[in-house]
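Heads up, run.csv below (CSV, C-alpha atoms):
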chain,number,residue,atom,x,y,z
W,15,MET,CA,-24.8,-14.1,57.8
W,16,MET,CA,-22.9,-10.8,58.5
W,17,LEU,CA,-23.3,-7.5,56.7
W,18,LYS,CA,-20.5,-4.9,57.0
W,19,LEU,CA,-21.5,-1.4,58.1
W,20,LYS,CA,-20.0,1.1,55.8
W,21,ASN,CA,-19.8,4.3,57.9
W,22,SER,CA,-19.0,2.8,61.3
W,23,SER,CA,-15.9,4.0,63.2
W,24,SER,CA,-14.5,0.4,63.2
W,25,ALA,CA,-15.0,-2.6,61.0
W,26,ALA,CA,-18.4,-3.3,62.6
W,27,GLU,CA,-20.8,-5.8,61.2
W,28,ILE,CA,-24.4,-6.6,61.8
W,29,GLN,CA,-25.8,-10.2,61.9
W,30,VAL,CA,-28.9,-11.0,59.9
W,31,SER,CA,-30.6,-14.3,59.2
W,32,ASP,CA,-29.9,-16.4,56.2
W,33,ALA,CA,-33.6,-16.9,55.7
W,34,ALA,CA,-34.1,-13.2,54.9
W,35,PHE,CA,-30.8,-12.2,53.4
W,36,ALA,CA,-29.4,-15.4,51.8
W,37,ARG,CA,-32.4,-16.9,50.1
W,38,SER,CA,-32.1,-18.3,46.6
W,39,TYR,CA,-33.4,-16.2,43.7
W,40,ASN,CA,-36.9,-17.1,42.5
W,41,GLU,CA,-37.7,-15.0,39.5
W,42,ALA,CA,-41.1,-16.6,38.8
W,43,LEU,CA,-42.3,-15.9,42.4
W,44,ILE,CA,-41.1,-12.3,42.3
W,45,HIS,CA,-42.8,-11.7,39.0
W,46,GLN,CA,-46.1,-13.1,40.4
W,47,VAL,CA,-45.9,-11.0,43.6
W,48,VAL,CA,-45.0,-7.8,41.8
W,49,THR,CA,-47.7,-8.3,39.2
W,50,ALA,CA,-50.3,-8.9,41.9
W,51,TYR,CA,-49.1,-5.9,43.9
W,52,ARG,CA,-49.4,-3.6,40.9
W,53,ALA,CA,-52.8,-5.1,39.9
W,54,ALA,CA,-54.2,-4.4,43.4
W,55,ALA,CA,-53.4,-0.8,43.0
W,56,ARG,CA,-55.7,-0.5,40.0
W,57,ALA,CA,-58.9,1.4,40.8
W,58,GLY,CA,-61.1,-0.8,38.7
W,59,THR,CA,-63.9,1.9,38.7
W,60,LYS,CA,-64.3,2.1,34.9
W,61,ALA,CA,-68.0,2.0,33.9
W,62,GLN,CA,-70.0,2.5,30.8
W,63,LYS,CA,-73.8,2.4,29.9
W,64,THR,CA,-75.6,-0.1,27.8
W,65,ARG,CA,-78.4,0.8,25.5
W,66,ALA,CA,-80.9,0.1,28.4
W,67,GLU,CA,-79.1,2.6,30.7
W,68,VAL,CA,-78.6,5.5,28.3
W,69,ARG,CA,-81.2,8.3,28.7
W,70,GLY,CA,-83.8,8.6,25.9
W,71,GLY,CA,-84.4,6.5,22.8
W,72,GLY,CA,-87.9,5.6,23.7
W,73,LYS,CA,-89.5,6.7,20.5
W,74,LYS,CA,-88.9,4.9,17.2
W,75,PRO,CA,-86.8,7.4,15.0
W,76,TRP,CA,-88.9,6.9,11.9
W,77,SER,CA,-91.4,4.5,10.3
W,78,GLN,CA,-90.5,0.9,9.8
W,79,LYS,CA,-91.2,1.1,6.0
W,80,GLY,CA,-91.4,3.7,3.3
W,81,THR,CA,-88.6,6.0,4.2
W,82,GLY,CA,-85.8,4.3,2.3
W,83,GLN,CA,-83.6,4.2,5.3
W,84,ALA,CA,-82.5,1.2,7.3
W,85,ARG,CA,-84.8,0.0,10.1
W,86,ALA,CA,-84.2,1.6,13.4
W,87,GLY,CA,-86.0,1.0,16.7
W,88,SER,CA,-84.1,3.3,19.0
W,89,SER,CA,-81.7,6.2,18.7
W,90,ARG,CA,-79.7,4.7,21.6
W,91,SER,CA,-78.6,1.7,19.7
W,92,PRO,CA,-74.9,0.9,20.0
W,93,ILE,CA,-74.3,1.8,16.3
W,94,TRP,CA,-75.7,5.3,16.8
W,95,VAL,CA,-73.8,8.3,18.0
W,96,GLY,CA,-74.9,8.9,21.6
W,97,GLY,CA,-76.1,5.3,22.0
W,98,GLY,CA,-75.1,2.8,24.6
W,99,ARG,CA,-72.1,0.4,24.5
W,100,ALA,CA,-72.7,-3.1,23.2
W,101,PHE,CA,-70.3,-4.6,25.7
W,102,ALA,CA,-70.2,-2.0,28.4
W,103,ALA,CA,-67.3,-1.9,30.9
W,104,ARG,CA,-68.3,-2.7,34.5
W,105,PRO,CA,-66.5,-1.9,37.8
W,106,ARG,CA,-64.2,-4.8,38.7
W,107,ASP,CA,-61.6,-6.0,41.2
W,108,PHE,CA,-58.2,-6.6,39.6
W,109,SER,CA,-56.6,-7.9,42.8
W,110,GLN,CA,-54.9,-11.3,42.7
W,111,LYS,CA,-54.6,-13.7,45.7
W,112,VAL,CA,-51.1,-13.9,47.1
W,113,ASN,CA,-50.8,-15.5,50.5
W,114,ARG,CA,-48.4,-14.3,53.2
W,115,LYS,CA,-45.8,-17.0,52.7
W,116,MET,CA,-45.5,-16.3,49.0
W,117,TYR,CA,-45.3,-12.6,49.6
W,118,ARG,CA,-42.6,-13.0,52.3
W,119,ALA,CA,-40.6,-15.5,50.2
W,120,ALA,CA,-40.6,-13.0,47.3
W,121,MET,CA,-39.4,-10.2,49.5
W,122,GLN,CA,-36.7,-12.4,51.0
W,123,SER,CA,-35.6,-13.4,47.5
W,124,MET,CA,-35.4,-9.7,46.3
W,125,VAL,CA,-33.5,-8.6,49.4
W,126,SER,CA,-31.1,-11.6,49.1
W,127,GLU,CA,-30.4,-10.7,45.4
W,128,LEU,CA,-29.6,-7.1,46.4
W,129,VAL,CA,-27.0,-8.5,48.9
W,130,ARG,CA,-25.5,-10.9,46.3
W,131,ARG,CA,-25.2,-8.2,43.7
W,132,GLU,CA,-23.7,-5.8,46.3
W,133,ARG,CA,-26.6,-3.4,45.7
W,134,LEU,CA,-27.5,-3.2,49.4
W,135,VAL,CA,-25.4,-0.7,51.3
W,136,ALA,CA,-25.6,-1.2,55.1
W,137,VAL,CA,-24.8,1.8,57.2
W,138,GLU,CA,-24.6,2.3,61.0
W,139,SER,CA,-26.7,5.5,60.7
W,140,LEU,CA,-27.8,8.1,58.2
W,141,GLU,CA,-28.4,11.5,59.7
W,142,ILE,CA,-28.2,15.0,58.4
W,143,ALA,CA,-28.1,18.2,60.5
W,144,GLU,CA,-30.8,20.0,58.6
W,145,PRO,CA,-33.5,19.0,56.1
W,146,LYS,CA,-31.5,20.3,53.2
W,147,THR,CA,-31.2,18.7,49.8
W,148,LYS,CA,-27.5,19.5,49.4
W,149,LEU,CA,-26.7,17.8,52.7
W,150,LEU,CA,-28.4,14.6,51.7
W,151,ILE,CA,-26.7,14.6,48.3
W,152,ALA,CA,-23.3,15.0,50.0
W,153,LYS,CA,-24.1,12.2,52.4
W,154,LEU,CA,-25.1,9.8,49.6
W,155,ALA,CA,-21.9,10.9,47.7
W,156,GLU,CA,-19.9,9.5,50.6
W,157,PHE,CA,-21.1,6.0,49.6
W,158,GLY,CA,-20.8,6.7,45.9
W,159,LEU,CA,-24.5,7.0,45.4
W,160,LYS,CA,-26.6,9.4,43.3
W,161,ARG,CA,-29.9,7.5,43.3
W,162,ALA,CA,-31.1,5.0,45.9
W,163,LEU,CA,-33.9,3.8,48.1
W,164,ILE,CA,-33.1,5.0,51.7
W,165,LEU,CA,-34.5,2.4,54.1
W,166,VAL,CA,-34.9,3.7,57.7
W,167,GLU,CA,-36.3,2.2,60.8
W,168,ALA,CA,-39.1,4.7,61.2
W,169,HIS,CA,-40.2,8.0,59.5
W,170,GLU,CA,-37.5,10.6,59.7
W,171,GLU,CA,-38.8,14.1,58.8
W,172,ARG,CA,-35.4,15.6,58.0
W,173,LEU,CA,-34.4,12.9,55.6
W,174,TYR,CA,-37.9,12.9,54.0
W,175,LEU,CA,-37.9,16.7,53.4
W,176,ALA,CA,-34.3,16.6,52.1
W,177,ALA,CA,-35.1,13.9,49.6
W,178,ARG,CA,-38.3,15.3,48.1
W,179,ASN,CA,-36.5,17.3,45.4
W,180,VAL,CA,-33.8,14.7,44.6
W,181,PRO,CA,-34.6,12.6,41.5
W,182,TYR,CA,-34.6,8.8,41.9
W,183,VAL,CA,-34.1,9.1,45.7
W,184,GLU,CA,-36.8,7.9,48.0
W,185,VAL,CA,-36.9,7.6,51.8
W,186,MET,CA,-39.0,4.8,53.2
W,187,PRO,CA,-39.6,3.2,56.6
W,188,VAL,CA,-39.4,-0.6,56.8
W,189,ALA,CA,-43.1,-0.8,57.6
W,190,SER,CA,-43.9,0.7,54.2
W,191,LEU,CA,-41.5,-1.3,52.1
W,192,ASP,CA,-43.1,-3.0,49.1
W,193,PRO,CA,-41.8,-5.2,46.2
W,194,VAL,CA,-42.3,-2.5,43.6
W,195,SER,CA,-40.0,-0.1,45.5
W,196,LEU,CA,-37.3,-2.7,45.8
W,197,ILE,CA,-37.2,-3.4,42.0
W,198,ARG,CA,-37.6,0.3,41.1
W,199,HIS,CA,-34.3,1.4,42.6
W,200,ASP,CA,-30.8,0.2,41.6
W,201,GLN,CA,-29.3,0.7,45.0
W,202,VAL,CA,-30.7,0.4,48.5
W,203,ILE,CA,-29.0,2.0,51.5
W,204,ALA,CA,-30.3,0.8,54.9
W,205,THR,CA,-29.5,1.8,58.5
W,206,ALA,CA,-28.6,-0.9,61.0
W,207,GLY,CA,-31.9,-0.4,62.8
W,208,ALA,CA,-33.8,-0.8,59.5
W,209,LEU,CA,-31.9,-4.0,58.7
W,210,LYS,CA,-32.7,-5.5,62.2
W,211,LEU,CA,-36.4,-4.6,61.8
W,212,LEU,CA,-36.4,-5.9,58.2
W,213,ASP,CA,-34.9,-9.2,59.5
W,214,GLN,CA,-37.6,-9.5,62.1
W,215,ARG,CA,-40.3,-9.0,59.5
W,216,LEU,CA,-38.8,-11.3,56.8
W,217,GLY,CA,-36.8,-13.8,58.9
W,218,GLY,CA,-39.6,-16.3,59.4
W,219,GLU,CA,-39.3,-19.6,57.5
W,220,SER,CA,-41.6,-20.0,54.6

Before we go any further, please render this structure as structure tokens.
Amino acid sequence: MMLKLKNSSSAAEIQVSDAAFARSYNEALIHQVVTAYRAAARAGTKAQKTRAEVRGGGKKPWSQKGTGQARAGSSRSPIWVGGGRAFAARPRDFSQKVNRKMYRAAMQSMVSELVRRERLVAVESLEIAEPKTKLLIAKLAEFGLKRALILVEAHEERLYLAARNVPYVEVMPVASLDPVSLIRHDQVIATAGALKLLDQRLGGES
């Protein structure tokens, strides 16, 4: 399929594969991949101590009989303040298995949906003379955008520095693109080089 480049001097177009940019929408697969991606980002380091691991509690607090109080064998029982937890949390791995074909298919589906809904803006290039926020805002305004994910072929320092203080604008190289970033932004603006690289990464059949 052909994508029209917005800021080219002529009515230029870029050819991309149907596999990556014209795939049918698969909501269930996208949900699974996004959920797995977010779950993998969880640290899973939460830990608590059981009554056996809490320091102290070796001595019986009071006699078994004759005090008028309930029986107690340890001051580190879960029902005591300062005691261990009955069902203590343990470090765990929240990651979910998603194979490469599923991940690639989900990314293809998301990119294709951006194209169908005209939320993907393809440009020949996106350059600013200096790393200044006002220059980037003016450049995005040329395409009628105030918030967007800017997809570039490789890291560009000037764009990155100019976008740091702009709310809802993020500059990202294709190599760092992830499913959460795609669904977080309403609009995606991508350079021709970024689109070619994205096509190479996602164009494989799945």

Would you kindly return, as number ranges by chain, each protein, DNA or RNA residue with an atom no farther than 6 Å from any atom of range 57-69 of chain W, considering all atoms listed in the file and excluding same-chain residues fewer than 3 positions away?
W: 90-91, 98-99, 102-107

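Once Asn40 in chain W and its same-chain neighbours fewer than 2 positions away are set aside, W:Ser38, W:Ala42, W:Leu43, W:Ile44, W:Ala120, W:Ser123 remain within 8 Å of it when counting all atoms listed in the file.
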
Using all atoms listed in the file, determine which residues lie at most 8 Å from range 162-176 of chain W, disregarding the query and same-chain residues fewer than 3 positions distant; provide the list as a PyMOL selection string.
chain W and resi 141-142+144-150+159+179-180+182-189+195-196+199-205+207-209+211

Nearest to Val48 in chain W: which of W:Leu216, W:Val135, W:Ala206, W:Met124 is it, counting all atoms listed in the file?
W:Met124

Find the distance between CA of Ser77 in chain W and CA of Phe101 in chain W and write it in Å to one decimal.
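One can read the CA of Ser77 in chain W to CA of Phe101 in chain W distance as 27.7 Å.
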
Can you measure CA of Arg118 in chain W to CA of Ala34 in chain W for me? One decimal in Å is fine.
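Here the two named atoms are 8.9 Å from each other.
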
So the first atom is CA of Val47 in chain W and the second is CA of Arg161 in chain W; what is the distance between them in Å, to one decimal place?
24.5 Å

Give the answer as one residue: which of W:Ala84, W:Ala55, W:Ala177, W:Val30 has the shortest atom-to-atom distance to Ala136 in chain W, using all atoms listed in the file?
W:Val30

Among the residues W:Ser190, W:Arg56, W:Lys160, W:Lys153, the one that comes closest to Asn21 in chain W [using all atoms listed in the file]
W:Lys153

Choose the residue, out of W:Ala50, W:Gly71, W:Ala152, W:Gly87, that has the smallest atom-to-atom separation from Lys111 in chain W; count all atoms listed in the file.
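Result for the nearest residue to Lys111 in chain W: W:Ala50.
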
Using all atoms listed in the file, which residue out of W:His45, W:Ile93, W:Ile197, W:Ala26 lies closest to Leu128 in chain W?
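Looking only at the distances to Leu128 in chain W, the closest residue turns out to be W:Ile197.
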
Counting all atoms listed in the file, the option among W:Ile28, W:Leu17, W:Ser89, W:Gln110 closest to Gly70 in chain W:
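Ranking W:Ile28, W:Leu17, W:Ser89, W:Gln110 by distance to Gly70 in chain W, first place goes to W:Ser89.
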
Generate N, CA and C atoms for range 82-117 of chain W and emit them as a PDB file, in the frame of the given file.
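Done, and the output landed in out_28.pdb:
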ATOM      1  N   GLY W  82     -87.015   4.622   3.019  1.00  0.00           N
ATOM      2  CA  GLY W  82     -85.800   4.300   2.300  1.00  0.00           C
ATOM      3  C   GLY W  82     -84.574   4.185   3.128  1.00  0.00           C
ATOM      4  N   GLN W  83     -84.765   4.327   4.406  1.00  0.00           N
ATOM      5  CA  GLN W  83     -83.600   4.200   5.300  1.00  0.00           C
ATOM      6  C   GLN W  83     -83.683   2.806   5.998  1.00  0.00           C
ATOM      7  N   ALA W  84     -82.566   2.438   6.607  1.00  0.00           N
ATOM      8  CA  ALA W  84     -82.500   1.200   7.300  1.00  0.00           C
ATOM      9  C   ALA W  84     -83.447   1.210   8.529  1.00  0.00           C
ATOM     10  N   ARG W  85     -83.931   0.048   8.905  1.00  0.00           N
ATOM     11  CA  ARG W  85     -84.800   0.000  10.100  1.00  0.00           C
ATOM     12  C   ARG W  85     -84.116   0.432  11.318  1.00  0.00           C
ATOM     13  N   ALA W  86     -84.802   1.167  12.169  1.00  0.00           N
ATOM     14  CA  ALA W  86     -84.200   1.600  13.400  1.00  0.00           C
ATOM     15  C   ALA W  86     -85.324   1.671  14.473  1.00  0.00           C
ATOM     16  N   GLY W  87     -85.039   1.046  15.585  1.00  0.00           N
ATOM     17  CA  GLY W  87     -86.000   1.000  16.700  1.00  0.00           C
ATOM     18  C   GLY W  87     -85.728   1.958  17.779  1.00  0.00           C
ATOM     19  N   SER W  88     -84.468   2.390  17.863  1.00  0.00           N
ATOM     20  CA  SER W  88     -84.100   3.300  19.000  1.00  0.00           C
ATOM     21  C   SER W  88     -82.879   4.120  18.544  1.00  0.00           C
ATOM     22  N   SER W  89     -82.848   5.353  18.978  1.00  0.00           N
ATOM     23  CA  SER W  89     -81.700   6.200  18.700  1.00  0.00           C
ATOM     24  C   SER W  89     -80.566   5.995  19.696  1.00  0.00           C
ATOM     25  N   ARG W  90     -80.767   5.053  20.593  1.00  0.00           N
ATOM     26  CA  ARG W  90     -79.700   4.700  21.600  1.00  0.00           C
ATOM     27  C   ARG W  90     -79.090   3.373  21.318  1.00  0.00           C
ATOM     28  N   SER W  91     -79.249   2.903  20.080  1.00  0.00           N
ATOM     29  CA  SER W  91     -78.600   1.700  19.700  1.00  0.00           C
ATOM     30  C   SER W  91     -77.081   1.836  19.697  1.00  0.00           C
ATOM     31  N   PRO W  92     -76.315   0.803  19.949  1.00  0.00           N
ATOM     32  CA  PRO W  92     -74.900   0.900  20.000  1.00  0.00           C
ATOM     33  C   PRO W  92     -74.233   1.450  18.688  1.00  0.00           C
ATOM     34  N   ILE W  93     -74.920   1.324  17.558  1.00  0.00           N
ATOM     35  CA  ILE W  93     -74.300   1.800  16.300  1.00  0.00           C
ATOM     36  C   ILE W  93     -74.643   3.273  16.040  1.00  0.00           C
ATOM     37  N   TRP W  94     -75.401   3.879  16.940  1.00  0.00           N
ATOM     38  CA  TRP W  94     -75.700   5.300  16.800  1.00  0.00           C
ATOM     39  C   TRP W  94     -74.814   6.143  17.686  1.00  0.00           C
ATOM     40  N   VAL W  95     -74.527   7.363  17.207  1.00  0.00           N
ATOM     41  CA  VAL W  95     -73.800   8.300  18.000  1.00  0.00           C
ATOM     42  C   VAL W  95     -74.671   8.685  19.235  1.00  0.00           C
ATOM     43  N   GLY W  96     -74.134   8.573  20.425  1.00  0.00           N
ATOM     44  CA  GLY W  96     -74.900   8.900  21.600  1.00  0.00           C
ATOM     45  C   GLY W  96     -75.604   7.622  22.172  1.00  0.00           C
ATOM     46  N   GLY W  97     -75.434   6.498  21.493  1.00  0.00           N
ATOM     47  CA  GLY W  97     -76.100   5.300  22.000  1.00  0.00           C
ATOM     48  C   GLY W  97     -75.226   4.585  23.042  1.00  0.00           C
ATOM     49  N   GLY W  98     -75.785   3.510  23.598  1.00  0.00           N
ATOM     50  CA  GLY W  98     -75.100   2.800  24.600  1.00  0.00           C
ATOM     51  C   GLY W  98     -74.001   1.866  24.046  1.00  0.00           C
ATOM     52  N   ARG W  99     -73.162   1.343  24.903  1.00  0.00           N
ATOM     53  CA  ARG W  99     -72.100   0.400  24.500  1.00  0.00           C
ATOM     54  C   ARG W  99     -72.644  -0.986  24.385  1.00  0.00           C
ATOM     55  N   ALA W 100     -72.224  -1.706  23.346  1.00  0.00           N
ATOM     56  CA  ALA W 100     -72.700  -3.100  23.200  1.00  0.00           C
ATOM     57  C   ALA W 100     -72.163  -3.975  24.308  1.00  0.00           C
ATOM     58  N   PHE W 101     -70.876  -3.813  24.651  1.00  0.00           N
ATOM     59  CA  PHE W 101     -70.300  -4.600  25.700  1.00  0.00           C
ATOM     60  C   PHE W 101     -69.685  -3.585  26.742  1.00  0.00           C
ATOM     61  N   ALA W 102     -70.578  -3.037  27.534  1.00  0.00           N
ATOM     62  CA  ALA W 102     -70.200  -2.000  28.400  1.00  0.00           C
ATOM     63  C   ALA W 102     -69.259  -2.462  29.544  1.00  0.00           C
ATOM     64  N   ALA W 103     -68.256  -1.619  29.857  1.00  0.00           N
ATOM     65  CA  ALA W 103     -67.300  -1.900  30.900  1.00  0.00           C
ATOM     66  C   ALA W 103     -68.060  -1.827  32.277  1.00  0.00           C
ATOM     67  N   ARG W 104     -67.677  -2.675  33.214  1.00  0.00           N
ATOM     68  CA  ARG W 104     -68.300  -2.700  34.500  1.00  0.00           C
ATOM     69  C   ARG W 104     -67.185  -2.559  35.595  1.00  0.00           C
ATOM     70  N   PRO W 105     -67.458  -1.937  36.725  1.00  0.00           N
ATOM     71  CA  PRO W 105     -66.500  -1.900  37.800  1.00  0.00           C
ATOM     72  C   PRO W 105     -66.026  -3.314  38.172  1.00  0.00           C
ATOM     73  N   ARG W 106     -64.713  -3.494  38.375  1.00  0.00           N
ATOM     74  CA  ARG W 106     -64.200  -4.800  38.700  1.00  0.00           C
ATOM     75  C   ARG W 106     -63.028  -4.759  39.615  1.00  0.00           C
ATOM     76  N   ASP W 107     -62.741  -5.859  40.231  1.00  0.00           N
ATOM     77  CA  ASP W 107     -61.600  -6.000  41.200  1.00  0.00           C
ATOM     78  C   ASP W 107     -60.480  -6.681  40.477  1.00  0.00           C
ATOM     79  N   PHE W 108     -59.333  -5.997  40.329  1.00  0.00           N
ATOM     80  CA  PHE W 108     -58.200  -6.600  39.600  1.00  0.00           C
ATOM     81  C   PHE W 108     -57.243  -7.332  40.582  1.00  0.00           C
ATOM     82  N   SER W 109     -57.517  -7.322  41.859  1.00  0.00           N
ATOM     83  CA  SER W 109     -56.600  -7.900  42.800  1.00  0.00           C
ATOM     84  C   SER W 109     -56.431  -9.415  42.595  1.00  0.00           C
ATOM     85  N   GLN W 110     -55.235  -9.898  42.870  1.00  0.00           N
ATOM     86  CA  GLN W 110     -54.900 -11.300  42.700  1.00  0.00           C
ATOM     87  C   GLN W 110     -54.520 -11.862  44.116  1.00  0.00           C
ATOM     88  N   LYS W 111     -54.880 -13.093  44.361  1.00  0.00           N
ATOM     89  CA  LYS W 111     -54.600 -13.700  45.700  1.00  0.00           C
ATOM     90  C   LYS W 111     -53.114 -14.064  45.774  1.00  0.00           C
ATOM     91  N   VAL W 112     -52.463 -13.530  46.782  1.00  0.00           N
ATOM     92  CA  VAL W 112     -51.100 -13.900  47.100  1.00  0.00           C
ATOM     93  C   VAL W 112     -51.037 -14.106  48.629  1.00  0.00           C
ATOM     94  N   ASN W 113     -50.780 -15.303  49.071  1.00  0.00           N
ATOM     95  CA  ASN W 113     -50.800 -15.500  50.500  1.00  0.00           C
ATOM     96  C   ASN W 113     -49.502 -14.987  51.168  1.00  0.00           C
ATOM     97  N   ARG W 114     -49.493 -14.955  52.484  1.00  0.00           N
ATOM     98  CA  ARG W 114     -48.400 -14.300  53.200  1.00  0.00           C
ATOM     99  C   ARG W 114     -47.058 -15.013  52.975  1.00  0.00           C
ATOM    100  N   LYS W 115     -47.071 -16.318  52.904  1.00  0.00           N
ATOM    101  CA  LYS W 115     -45.800 -17.000  52.700  1.00  0.00           C
ATOM    102  C   LYS W 115     -45.201 -16.757  51.365  1.00  0.00           C
ATOM    103  N   MET W 116     -46.033 -16.633  50.341  1.00  0.00           N
ATOM    104  CA  MET W 116     -45.500 -16.300  49.000  1.00  0.00           C
ATOM    105  C   MET W 116     -44.956 -14.881  48.995  1.00  0.00           C
ATOM    106  N   TYR W 117     -45.692 -13.952  49.603  1.00  0.00           N
ATOM    107  CA  TYR W 117     -45.300 -12.600  49.600  1.00  0.00           C
ATOM    108  C   TYR W 117     -43.922 -12.430  50.372  1.00  0.00           C
TER     109      TYR W 117
END
